[in-house]
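Structure file query-v8.cif; described as mmCIF, C-alpha atoms.
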data_coords
#
loop_
_atom_site.group_PDB
_atom_site.id
_atom_site.type_symbol
_atom_site.label_atom_id
_atom_site.label_comp_id
_atom_site.auth_asym_id
_atom_site.auth_seq_id
_atom_site.Cartn_x
_atom_site.Cartn_y
_atom_site.Cartn_z
ATOM 1 C CA MET Y 155 15.459 -0.871 -14.005
ATOM 2 C CA SER Y 156 13.501 -3.353 -16.091
ATOM 3 C CA ILE Y 157 9.715 -3.718 -16.013
ATOM 4 C CA TYR Y 158 10.173 -7.102 -14.301
ATOM 5 C CA GLN Y 159 12.308 -5.534 -11.577
ATOM 6 C CA LEU Y 160 9.712 -2.810 -11.050
ATOM 7 C CA LEU Y 161 6.968 -5.448 -10.863
ATOM 8 C CA TRP Y 162 9.098 -7.329 -8.334
ATOM 9 C CA LEU Y 163 9.389 -4.202 -6.190
ATOM 10 C CA PHE Y 164 5.682 -3.392 -6.611
ATOM 11 C CA LEU Y 165 4.600 -6.837 -5.424
ATOM 12 C CA ILE Y 166 7.016 -6.955 -2.513
ATOM 13 C CA TYR Y 167 6.150 -3.456 -1.302
ATOM 14 C CA SER Y 168 2.422 -4.219 -1.700
ATOM 15 C CA PHE Y 169 2.791 -7.377 0.380
ATOM 16 C CA VAL Y 170 4.969 -5.701 3.028
ATOM 17 C CA GLY Y 171 2.452 -2.839 3.179
ATOM 18 C CA TRP Y 172 -0.347 -5.337 3.763
ATOM 19 C CA ILE Y 173 1.676 -6.938 6.582
ATOM 20 C CA LEU Y 174 2.373 -3.531 8.182
ATOM 21 C CA GLU Y 175 -1.276 -2.482 7.931
ATOM 22 C CA THR Y 176 -2.449 -5.808 9.362
ATOM 23 C CA ILE Y 177 -0.030 -5.571 12.295
ATOM 24 C CA PHE Y 178 -1.131 -1.973 12.930
ATOM 25 C CA ALA Y 179 -4.819 -2.963 12.866
ATOM 26 C CA ILE Y 180 -4.216 -5.897 15.202
ATOM 27 C CA THR Y 181 -2.370 -3.752 17.738
ATOM 28 C CA LYS Y 182 -4.835 -0.862 17.553
ATOM 29 C CA GLN Y 183 -8.198 -2.594 17.095
ATOM 30 C CA ARG Y 184 -7.432 -6.022 18.574
ATOM 31 C CA LYS Y 185 -8.828 -7.800 15.510
ATOM 32 C CA ILE Y 186 -7.578 -8.976 12.140
ATOM 33 C CA ILE Y 187 -8.731 -6.744 9.296
ATOM 34 C CA ASN Y 188 -7.759 -6.951 5.630
ATOM 35 C CA ARG Y 189 -6.737 -3.333 5.135
ATOM 36 C CA GLY Y 190 -6.447 -3.482 1.348
ATOM 37 C CA LEU Y 191 -9.217 -2.688 -1.108
ATOM 38 C CA ILE Y 192 -8.750 -6.084 -2.716
ATOM 39 C CA ASN Y 193 -9.139 -9.525 -1.147
ATOM 40 C CA GLY Y 194 -5.570 -10.830 -1.455
ATOM 41 C CA PRO Y 195 -2.626 -10.040 0.806
ATOM 42 C CA PHE Y 196 -1.627 -6.856 -0.998
ATOM 43 C CA CYS Y 197 -1.969 -3.199 -0.133
ATOM 44 C CA THR Y 198 -1.273 -1.867 -3.609
ATOM 45 C CA VAL Y 199 -0.964 1.752 -2.515
ATOM 46 C CA TYR Y 200 2.330 0.763 -0.849
ATOM 47 C CA GLY Y 201 3.504 -0.953 -4.026
ATOM 48 C CA PHE Y 202 2.549 1.974 -6.210
ATOM 49 C CA THR Y 203 4.201 4.454 -3.842
ATOM 50 C CA GLY Y 204 7.342 2.344 -3.510
ATOM 51 C CA VAL Y 205 7.771 2.102 -7.274
ATOM 52 C CA LEU Y 206 6.977 5.792 -7.807
ATOM 53 C CA ILE Y 207 9.557 6.837 -5.208
ATOM 54 C CA THR Y 208 12.079 4.360 -6.660
ATOM 55 C CA VAL Y 209 11.714 5.718 -10.190
ATOM 56 C CA ALA Y 210 11.167 9.412 -9.496
ATOM 57 C CA LEU Y 211 13.611 9.917 -6.627
ATOM 58 C CA LYS Y 212 16.453 7.553 -7.516
ATOM 59 C CA ASP Y 213 18.892 10.429 -8.112
ATOM 60 C CA LEU Y 214 18.195 12.138 -4.777
ATOM 61 C CA SER Y 215 19.967 11.485 -1.496
ATOM 62 C CA GLY Y 216 20.077 12.746 2.061
ATOM 63 C CA VAL Y 217 17.529 15.244 3.257
ATOM 64 C CA TRP Y 218 16.108 15.782 -0.261
ATOM 65 C CA LEU Y 219 15.325 12.077 -0.625
ATOM 66 C CA PHE Y 220 13.676 12.060 2.795
ATOM 67 C CA LEU Y 221 11.692 15.234 2.085
ATOM 68 C CA PHE Y 222 10.401 14.228 -1.342
ATOM 69 C CA SER Y 223 9.633 10.667 -0.177
ATOM 70 C CA ALA Y 224 7.506 12.194 2.582
ATOM 71 C CA ILE Y 225 5.755 14.507 0.116
ATOM 72 C CA TYR Y 226 5.088 11.839 -2.542
ATOM 73 C CA ALA Y 227 3.821 9.267 -0.039
ATOM 74 C CA SER Y 228 1.684 11.814 1.815
ATOM 75 C CA VAL Y 229 0.027 13.008 -1.399
ATOM 76 C CA ILE Y 230 -0.728 9.406 -2.350
ATOM 77 C CA GLU Y 231 -2.054 8.661 1.155
ATOM 78 C CA TRP Y 232 -4.305 11.748 0.993
ATOM 79 C CA VAL Y 233 -5.656 10.790 -2.451
ATOM 80 C CA ALA Y 234 -6.184 7.154 -1.387
ATOM 81 C CA GLY Y 235 -8.047 8.274 1.736
ATOM 82 C CA LYS Y 236 -10.323 10.525 -0.309
ATOM 83 C CA ILE Y 237 -11.022 7.759 -2.856
ATOM 84 C CA ILE Y 238 -11.794 5.160 -0.178
ATOM 85 C CA GLU Y 239 -14.110 7.558 1.618
ATOM 86 C CA LYS Y 240 -15.841 8.455 -1.655
ATOM 87 C CA ILE Y 241 -16.349 4.810 -2.661
ATOM 88 C CA CYS Y 242 -17.050 3.205 0.718
ATOM 89 C CA HIS Y 243 -18.435 6.201 2.636
ATOM 90 C CA GLU Y 244 -16.146 5.420 5.548
ATOM 91 C CA ARG Y 245 -12.695 6.389 6.725
ATOM 92 C CA TRP Y 246 -10.163 3.612 7.059
ATOM 93 C CA TRP Y 247 -7.764 5.879 8.953
ATOM 94 C CA ASN Y 248 -8.097 9.195 10.695
ATOM 95 C CA TYR Y 249 -5.265 11.378 11.955
ATOM 96 C CA GLU Y 250 -7.498 14.168 13.323
ATOM 97 C CA ASN Y 251 -6.126 13.560 16.827
ATOM 98 C CA ASN Y 252 -2.565 14.072 15.555
ATOM 99 C CA LYS Y 253 -1.125 17.544 15.616
ATOM 100 C CA PHE Y 254 -0.509 19.108 12.186
ATOM 101 C CA ASN Y 255 -2.948 16.978 10.171
ATOM 102 C CA LEU Y 256 -4.691 17.771 6.913
ATOM 103 C CA GLY Y 257 -8.343 16.841 7.226
ATOM 104 C CA GLY Y 258 -7.367 13.710 9.148
ATOM 105 C CA TYR Y 259 -6.074 12.063 5.974
ATOM 106 C CA ILE Y 260 -2.392 12.848 6.534
ATOM 107 C CA SER Y 261 -0.351 14.177 9.436
ATOM 108 C CA LEU Y 262 3.153 15.379 10.112
ATOM 109 C CA GLN Y 263 3.985 12.217 12.105
ATOM 110 C CA THR Y 264 2.952 9.866 9.309
ATOM 111 C CA SER Y 265 4.625 12.044 6.693
ATOM 112 C CA VAL Y 266 7.892 11.787 8.640
ATOM 113 C CA LEU Y 267 7.423 8.011 8.793
ATOM 114 C CA TRP Y 268 6.841 7.872 5.009
ATOM 115 C CA GLY Y 269 9.954 10.002 4.494
ATOM 116 C CA VAL Y 270 12.049 7.607 6.574
ATOM 117 C CA LEU Y 271 10.605 4.541 4.809
ATOM 118 C CA GLY Y 272 11.176 6.100 1.371
ATOM 119 C CA PHE Y 273 14.741 7.004 2.309
ATOM 120 C CA ILE Y 274 15.416 3.447 3.533
ATOM 121 C CA ALA Y 275 13.787 1.921 0.433
ATOM 122 C CA VAL Y 276 15.786 3.953 -2.083
ATOM 123 C CA THR Y 277 19.057 3.912 -0.138
ATOM 124 C CA PHE Y 278 19.138 0.290 1.069
ATOM 125 C CA THR Y 279 16.125 -1.932 0.469
ATOM 126 C CA ASN Y 280 15.779 -1.594 -3.318
ATOM 127 C CA SER Y 281 19.333 -2.781 -3.940
ATOM 128 C CA LEU Y 282 18.847 -5.764 -1.611
ATOM 129 C CA LEU Y 283 15.583 -6.693 -3.328
ATOM 130 C CA ILE Y 284 17.120 -6.340 -6.797
ATOM 131 C CA ASP Y 285 20.079 -8.489 -5.693
ATOM 132 C CA ALA Y 286 17.591 -11.156 -4.523
ATOM 133 C CA TYR Y 287 15.751 -10.799 -7.844
ATOM 134 C CA LYS Y 288 19.011 -11.449 -9.734
ATOM 135 C CA LEU Y 289 19.614 -14.677 -7.782
ATOM 136 C CA ILE Y 290 16.480 -16.238 -9.269
ATOM 137 C CA PRO Y 291 16.786 -17.569 -12.820
ATOM 138 C CA PHE Y 292 15.169 -15.150 -15.267
ATOM 139 C CA MET Y 293 12.593 -17.616 -16.620
ATOM 140 C CA VAL Y 294 11.550 -18.634 -13.082
ATOM 141 C CA ILE Y 295 11.177 -15.043 -11.859
ATOM 142 C CA ARG Y 296 9.321 -14.126 -15.022
ATOM 143 C CA ILE Y 297 6.813 -16.957 -14.509
ATOM 144 C CA ILE Y 298 6.391 -16.081 -10.815
ATOM 145 C CA LEU Y 299 5.790 -12.413 -11.604
ATOM 146 C CA ILE Y 300 3.326 -13.156 -14.403
ATOM 147 C CA VAL Y 301 1.348 -15.602 -12.255
ATOM 148 C CA VAL Y 302 1.197 -13.227 -9.285
ATOM 149 C CA VAL Y 303 0.314 -10.217 -11.444
ATOM 150 C CA VAL Y 304 -2.459 -12.177 -13.197
ATOM 151 C CA ALA Y 305 -3.790 -13.319 -9.799
ATOM 152 C CA LEU Y 306 -3.617 -9.746 -8.501
ATOM 153 C CA ALA Y 307 -5.397 -8.420 -11.601
ATOM 154 C CA ALA Y 308 -8.085 -11.097 -11.250
ATOM 155 C CA ASP Y 309 -8.480 -10.154 -7.581
ATOM 156 C CA MET Y 310 -8.847 -6.474 -8.537
ATOM 157 C CA ILE Y 311 -11.414 -7.298 -11.214
ATOM 158 C CA PHE Y 312 -13.297 -9.626 -8.860
ATOM 159 C CA SER Y 313 -13.323 -6.965 -6.126
ATOM 160 C CA LEU Y 314 -14.617 -4.331 -8.574
ATOM 161 C CA LEU Y 315 -17.284 -6.720 -9.852
ATOM 162 C CA ILE Y 316 -18.483 -7.360 -6.323
ATOM 163 C CA LEU Y 317 -18.740 -3.631 -5.738
ATOM 164 C CA SER Y 318 -20.569 -2.940 -8.993
ATOM 165 C CA LEU Y 319 -22.834 -5.998 -9.339
ATOM 166 C CA LEU Y 320 -24.287 -6.276 -5.882
ATOM 167 C CA SER Y 321 -27.399 -4.230 -5.417
ATOM 168 C CA LEU Y 322 -26.378 -3.409 -1.841
ATOM 169 C CA GLY Y 323 -24.483 -0.297 -2.906
ATOM 170 C CA PHE Y 324 -20.911 0.732 -2.232
ATOM 171 C CA THR Y 325 -21.363 1.605 1.444
ATOM 172 C CA THR Y 326 -22.936 -1.694 2.421
ATOM 173 C CA VAL Y 327 -20.581 -3.735 0.257
ATOM 174 C CA CYS Y 328 -17.466 -2.052 1.711
ATOM 175 C CA SER Y 329 -18.762 -2.488 5.253
ATOM 176 C CA HIS Y 330 -19.817 -6.056 4.521
ATOM 177 C CA LYS Y 331 -16.425 -6.858 2.980
ATOM 178 C CA ARG Y 332 -14.625 -5.474 6.036
ATOM 179 C CA SER Y 333 -16.888 -7.293 8.522
ATOM 180 C CA ILE Y 334 -16.369 -10.620 6.738
ATOM 181 C CA LYS Y 335 -12.614 -10.140 6.841
ATOM 182 C CA SER Y 336 -12.545 -9.058 10.490
ATOM 183 C CA LYS Y 337 -11.990 -11.527 13.252
ATOM 184 C CA ARG Y 338 -11.864 -10.504 16.888
ATOM 185 C CA ILE Y 339 -8.689 -11.386 18.764
ATOM 186 C CA SER Y 340 -9.238 -12.324 22.373
#
I need this file expressed as structure tokens, please.
Amino acid sequence: MSIYQLLWLFLIYSFVGWILETIFAITKQRKIINRGLINGPFCTVYGFTGVLITVALKDLSGVWLFLFSAIYASVIEWVAGKIIEKICHERWWNYENNKFNLGGYISLQTSVLWGVLGFIAVTFTNSLLIDAYKLIPFMVIRIILIVVVVALAADMIFSLLILSLLSLGFTTVCSHKRSIKSKRIS
């Protein structure tokens, strides 16, 4: 797979992850919350995980693909949860009420879900997304990817600058960022 195809997958999985997280937050908390660390409509942990599973597990199939997808995604979810808690001093998810959880950061139920999603991505979704990628003229897709990646990088830099430049500190900034992006649904 080319770097452009991997970028394509990264951006799509990041966007789909943001949609899934937003839908989950709406159904659970009855309000719209931007669940990503950055301001744009991307949850990059999904993109990173999707690309990692695509590259590392492409030769696996069946139960092994499911199992290692679950393991890879769960490790990434655990690390992301620890990092977010360290930076923002708050938990953005907590699985302590789920049976078989590890510190509330990951649980057996979510690991099974990640295994299923990884299996579907590698077995079906990646080929469909790459086929769609191939339908777009190379120069057009290249320009689209470069523009979106530059915008995403600028968003990441802007988000980091907000966190580091404001004298409010990480905790207040993270809470403030989330409260600005939250809107109650009646």
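The spacing separating CA of Ser215 in chain Y from CA of Trp232 in chain Y amounts to 24.4 Å.
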Long-range neighbours of Gly216 in chain Y as a PyMOL selection string, 12 Å cut-off, only C-alpha atoms, 2 positions minimum in chain = chain Y and resi 211-214+218-223+269-270+272-274+276-277
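Residue nearest Ala179 in chain Y, chosen from Y:Trp246, Y:Val205, Y:Tyr167, Y:Ser265 and counting only C-alpha atoms: Y:Trp246.
In this model, the gap between CA of Asn255 in chain Y and CA of Lys240 in chain Y comes to 19.5 Å.
What the PyMOL selection byres ((chain Y and resi 155-166) around 9) matches in the given file is Tyr167, Ser168, Phe169, Val170, Gly171, Phe196, Thr198, Tyr200, Gly201, Phe202, Thr203, Gly204, Val205, Thr208, Val209, Asn280, Leu283, Ile284, Tyr287, Ile295, Arg296, Leu299, Val302 and Val303 of chain Y.
Of the residues listed (Y:Phe178, Y:Leu271, Y:Ile173, Y:Ile316), Y:Phe178 shows the shortest atom-to-atom separation from Trp247 in chain Y; distances use only C-alpha atoms.
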Top pick for closest residue to Asp309 in chain Y, considering Y:Ile187, Y:Ala275, Y:Ile192, Y:Leu267 and counting all atoms listed in the file = Y:Ile192
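You will find CA of Gln183 in chain Y at 22.6 Å from CA of Ile241 in chain Y.
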